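*Asks:* Following this message is one structure expressed as structure tokens.
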Protein chains: 2
Amino acid sequence: MISRRIGQQTLAFAHPPVIRGRAAVVGPKEGEGPLASYFDMIKEDKLLGEKSWERAESRLMIEAIETAVKKAYLTADDLDFMLAGDLLNQITASNFTAREISRPLIGLYSACSTFAEGLAIGAALVDAGYARHLVVATSSHHQTAERQYRYPTEFGNQRSLSAQWTVTGAGAVVLSGEGVGPVITYATIGKVVDMGSKDTSNMGEAMAPVAADTIWQHFQDTSRSPQDYDLIVTGDLGRIGNPLTAELLSKAGLELGGRFSDCGIMIYHQTQDVHAGGSGAACSAVVFGGYLLSQLESRQIKRILLVATGSLHSPTSYQQGESIPGIAHAVSVEYLQ
Amino acid sequence: MISRRIGQQTLAFAHPPVIRGRAAVVGPKEGEGPLASYFDMIKEDKLLGEKSWERAESRLMIEAIETAVKKAYLTADDLDFMLAGDLLNQITASNFTAREISRPLIGLYSACSTFAEGLAIGAALVDAGYARHLVVATSSHHQTAERQYRYPTEFGNQRSLSAQWTVTGAGAVVLSGEGVGPVITYATIGKVVDMGSKDTSNMGEAMAPVAADTIWQHFQDTSRSPQDYDLIVTGDLGRIGNPLTAELLSKAGLELGGRFSDCGIMIYHQTQDVHAGGSGAACSAVVFGGYLLSQLESRQIKRILLVATGSLHSPTSYQQGESIPGIAHAVSVEYLQ
């Protein structure tokens, strides 16, 4: 039997799945950021005409999937599976989306790293021939996340300077066994790391060690080096966590240099009052599905390592005094031709 | 490229992964039920000596995994991946377990059908060569579930007769590309079905249509018939949902007959005051990992279809007046020799 795994934690795709369609749908604040021109849709109304923030989040994911499928020159019926997840309790944004999209659902939860987990599992299913086409999607919404994890926004509490701003949006990509486009070559599945941090207002600091762990392991497993990538981009470490990760890796002898960035830093202007940057399960999904893939398609860059991190706590675990475990998954995306 | 999918929704495993180790760890009430002698451990203390119900639930999962790995004659280091999920917000029982087990984590959420989803994805990863050995685990705990979904048990509210009792326990199986034991041959991934039910105290009724949908699709995809199975067993439909499913399929021309049963009915005596039966992400996991696999190993039965259903609502979606979407995944397990 052939082995499709290399090293300790990395899936190697023998027939690298093609990213055949992609879409990023965002809210108004994201539409005022530097990447506005790369998003497929910018919604002026955070409620999207729905009666609840939660319904609005599902609507973002539905429209992202429909757009990605259309851009892949397919219909939803062509999708063998839908892999999806979000930050809501019981991932209801994804579940209610799957009720409308009506394709076999593989529900995932890996917090803000869910998009990378979905790309990894989705690529495996396509690579090995379990699926011809499938869609991977994640969403988040500032108002649903604040209500669930912190305070309802109506409460108007003051945010700490280390806090990040949950991205309102949804990203979707269609992976196919055939077609033209960037491909997924490797995926490194992360281990849970917990360094004892208990500050839920400083996710960047809590998640930096786990990002460093997975990036280190990716280079070990693939025998690649940072120089093999044009861009190594974390999901939502923000202005505190991203440089901390670079520092941790530097101390371990791995210099990422100027090619290291973060979706949560890229998505907002510093003047937009988001403090340490963007976050949320949609953060890496919309920056990847909107901006990064466009850079690959135009050959501005040829190879990306997307490293999405997830904080695996819950409000209950936090209230019970538990520290914050984290995880990071890395996905290598490139043009082979 | 070879195709590993048959029909619309079914994965077909060319090198059927072996269930090389299995374990079921349960609480005191499950230990008083008819399957007591099949469980690896029965905990007399619902708290397992921990300081919170949530910590106790993680402890159940940790011990289930450690036992399954030992029975597979492996160590945790041999596991390439851990696939896990539970019912807690942000699947913290699984996340805190993965912090201790320290293997690359693929987090899943499919409510009470998570164990079947895990078997499906896990079998795909082993079958195609992404993993040599991995573990699939799920847990639930009566006290954590009541607090999160309904009322803290200290409140002492009266349960309706159609309500089910969340199983306190955790099940784990080790899937391997080599070894001797029952194998997984097919997995049918379900679509989300919502028939408009809004009664969260009657999950069996809400989930019956989705179980029927997946069972029907499994037979369509595989060209098998109910007679090809010794046992077709749902996860936690209970005394209301299980016969309803049989009735729906009968009307569609598919007679399941006496081979149709339910883990939620099997796990408790009718005198144990559980009303409509057992439920929870651990229900199918411990009955499968404890009782059903022992029946396969002793060749009492030779082929099982495990059909786990999941209710995809959340307390928030319920409070917002949404109906209850459901999903069911089916996994075919058999002795090939």
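All residue names refer to the structure tokens as shown: chains lettered A, B, ... in order, residues numbered from 1 in each chain, ligands numbered from 1 in order.
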Quick check: residues of chain A within 6 Å of chain B, only C-alpha atoms, returned as a ChimeraX atom specification.
*Replies:* /A:2-5,89-90,99,102-105,107-110,129-130,189-192,314
*Asks:* Run DSSP on the backbone and tell me which residues of stretch 244-287 of chain A come out as strand (DSSP E or B); list them as a list of chain:residue names.
*Replies:*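 Written out, the strand (DSSP E or B) residues of stretch 244-287 of chain A are A:Phe260, A:Ser261, A:Asp262, A:Gly278, A:Ser279.
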*Asks:* Take the residues just selected and output them with N, CA and C atoms as a compact mmCIF listing (two decimals), in the first residue's frame.
*Replies:*
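What landed in again.txt:
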```
# COMPACT_ATOMS: atom_id res chain seq x y z
N PHE A 260 7.07 36.40 6.26
CA PHE A 260 6.13 35.95 7.28
C PHE A 260 5.09 37.03 7.55
N SER A 261 3.81 36.68 7.38
CA SER A 261 2.76 37.65 7.63
C SER A 261 1.56 36.97 8.27
N ASP A 262 0.45 37.70 8.38
CA ASP A 262 -0.72 37.19 9.10
C ASP A 262 -1.99 37.77 8.47
N GLY A 278 -7.39 41.27 13.08
CA GLY A 278 -8.59 40.47 12.86
C GLY A 278 -8.42 39.07 13.41
N SER A 279 -9.56 38.38 13.59
CA SER A 279 -9.53 36.99 14.05
C SER A 279 -10.81 36.31 13.57
```
*Asks:* Can you work out the spacing between atom CA of B:Arg224 and atom CA of B:Val286 in Å, to one decimal?
*Replies:*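 Taking atom CA of B:Arg224 as the start and atom CA of B:Val286 as the end point, the length is 26.6 Å.
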*Asks:* Hey, what's within 10 Å of A:Gly169 if we count only C-alpha atoms and toss same-chain stuff fewer than 5 positions away? As a list in words, please?
*Replies:* Ala24, Val25, Val26, Gly27, Pro28, Glu30, Phe39, Met41, Ile42, Lys43, Lys46, Ala56, Glu57, Ser58, Arg59, Leu60, Met61, Ala64, Thr138, Ser139, Ser140, His141, His142, Gly280, Ala281, Ala282, Cys283, Ala285 and Val286 of chain A
*Asks:* List the neighbours of B:Ala172 out to 6 Å using only C-alpha atoms; skip same-chain residues closer than 6 positions along the sequence, and give me the result as number ranges by chain.
*Replies:* B: 22-23, 64-65, 136-137
*Asks:* Mind dumping the selected residues with N, CA, C and O atoms as an mmCIF file, in the first residue's frame?
*Replies:*
```cif
data_model
loop_
_atom_site.group_PDB
_atom_site.id
_atom_site.type_symbol
_atom_site.label_atom_id
_atom_site.label_comp_id
_atom_site.auth_asym_id
_atom_site.auth_seq_id
_atom_site.Cartn_x
_atom_site.Cartn_y
_atom_site.Cartn_z
ATOM 1 N N ARG B 22 -10.356 -1.450 20.882
ATOM 2 C CA ARG B 22 -11.646 -0.817 21.173
ATOM 3 C C ARG B 22 -11.817 -0.727 22.676
ATOM 4 O O ARG B 22 -11.315 -1.568 23.426
ATOM 5 N N ALA B 23 -12.534 0.296 23.105
ATOM 6 C CA ALA B 23 -12.789 0.438 24.537
ATOM 7 C C ALA B 23 -14.059 1.231 24.763
ATOM 8 O O ALA B 23 -14.417 2.103 23.973
ATOM 9 N N ALA B 64 -10.683 5.899 27.822
ATOM 10 C CA ALA B 64 -11.147 5.070 26.701
ATOM 11 C C ALA B 64 -10.053 4.939 25.639
ATOM 12 O O ALA B 64 -9.785 3.851 25.116
ATOM 13 N N ILE B 65 -9.404 6.060 25.333
ATOM 14 C CA ILE B 65 -8.341 6.025 24.322
ATOM 15 C C ILE B 65 -7.164 5.181 24.812
ATOM 16 O O ILE B 65 -6.659 4.312 24.082
ATOM 17 N N VAL B 136 -10.273 6.937 16.941
ATOM 18 C CA VAL B 136 -11.519 7.698 16.836
ATOM 19 C C VAL B 136 -12.196 7.621 18.202
ATOM 20 O O VAL B 136 -12.356 6.518 18.744
ATOM 21 N N ALA B 137 -12.579 8.762 18.759
ATOM 22 C CA ALA B 137 -13.192 8.760 20.094
ATOM 23 C C ALA B 137 -14.274 9.824 20.210
ATOM 24 O O ALA B 137 -14.164 10.899 19.615
#
```
*Asks:* Nearest residue to A:Lys29 out of A:Met203, A:Arg299, A:Ile267, A:Lys198, using only C-alpha atoms?
*Replies:* A:Ile267
*Asks:* Given the choices A:Gln164, A:Ser332, A:Ser223, A:Gln158, which gets closest to A:Ala123 if the distance is worked out from only C-alpha atoms?
*Replies:*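 Among A:Gln164, A:Ser332, A:Ser223, A:Gln158, it is A:Ser332 that comes nearest to A:Ala123.
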*Asks:* If you count only C-alpha atoms, which residues fall within 6 Å of stretch 16-21 of chain A, apart from same-chain ones fewer than 2 positions away, as a PyMOL selection string?
*Replies:* chain A and resi 13-14+68+71-72+123+127+173-177+181-185
*Asks:* Can you tell me, as a list in words, which residues in stretch 5-39 of chain B count as alpha helix (DSSP H) by DSSP?
*Replies:*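 Taking stretch 5-39 of chain B and keeping alpha helix (DSSP H) gives Pro28, Lys29, Glu30 and Gly31 of chain B.
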*Asks:* Kindly export the residues of the current selection with C-alpha atoms, as a PDB file, in the first residue's frame.
*Replies:*
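Done, and the output landed in selection36.pdb:
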```pdb
ATOM      1  CA  PRO B  28     -22.601   4.212  37.156  1.00  0.00           C
ATOM      2  CA  LYS B  29     -26.062   4.270  35.531  1.00  0.00           C
ATOM      3  CA  GLU B  30     -24.744   2.629  32.348  1.00  0.00           C
ATOM      4  CA  GLY B  31     -22.993   0.102  34.590  1.00  0.00           C
TER       5      GLY B  31
END
```
*Asks:* What is the atom CA of A:Met207-atom CA of B:Thr75 distance in Å, reported with one decimal?
*Replies:*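 Here the two named atoms are 28.1 Å from each other.
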*Asks:* Select, from B:Gln319, B:Thr222, B:Thr271, B:Asn202, the residue with the minimum atom-to-atom distance to B:Ser162, counting only C-alpha atoms.
*Replies:* B:Asn202
*Asks:* Could you tell me which of A:Leu74, A:Tyr335, A:Ile215, A:Leu119 comes closest to A:Gln295 if we count only C-alpha atoms?
*Replies:*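 The shortest atom-to-atom distance to A:Gln295 comes from A:Tyr335.
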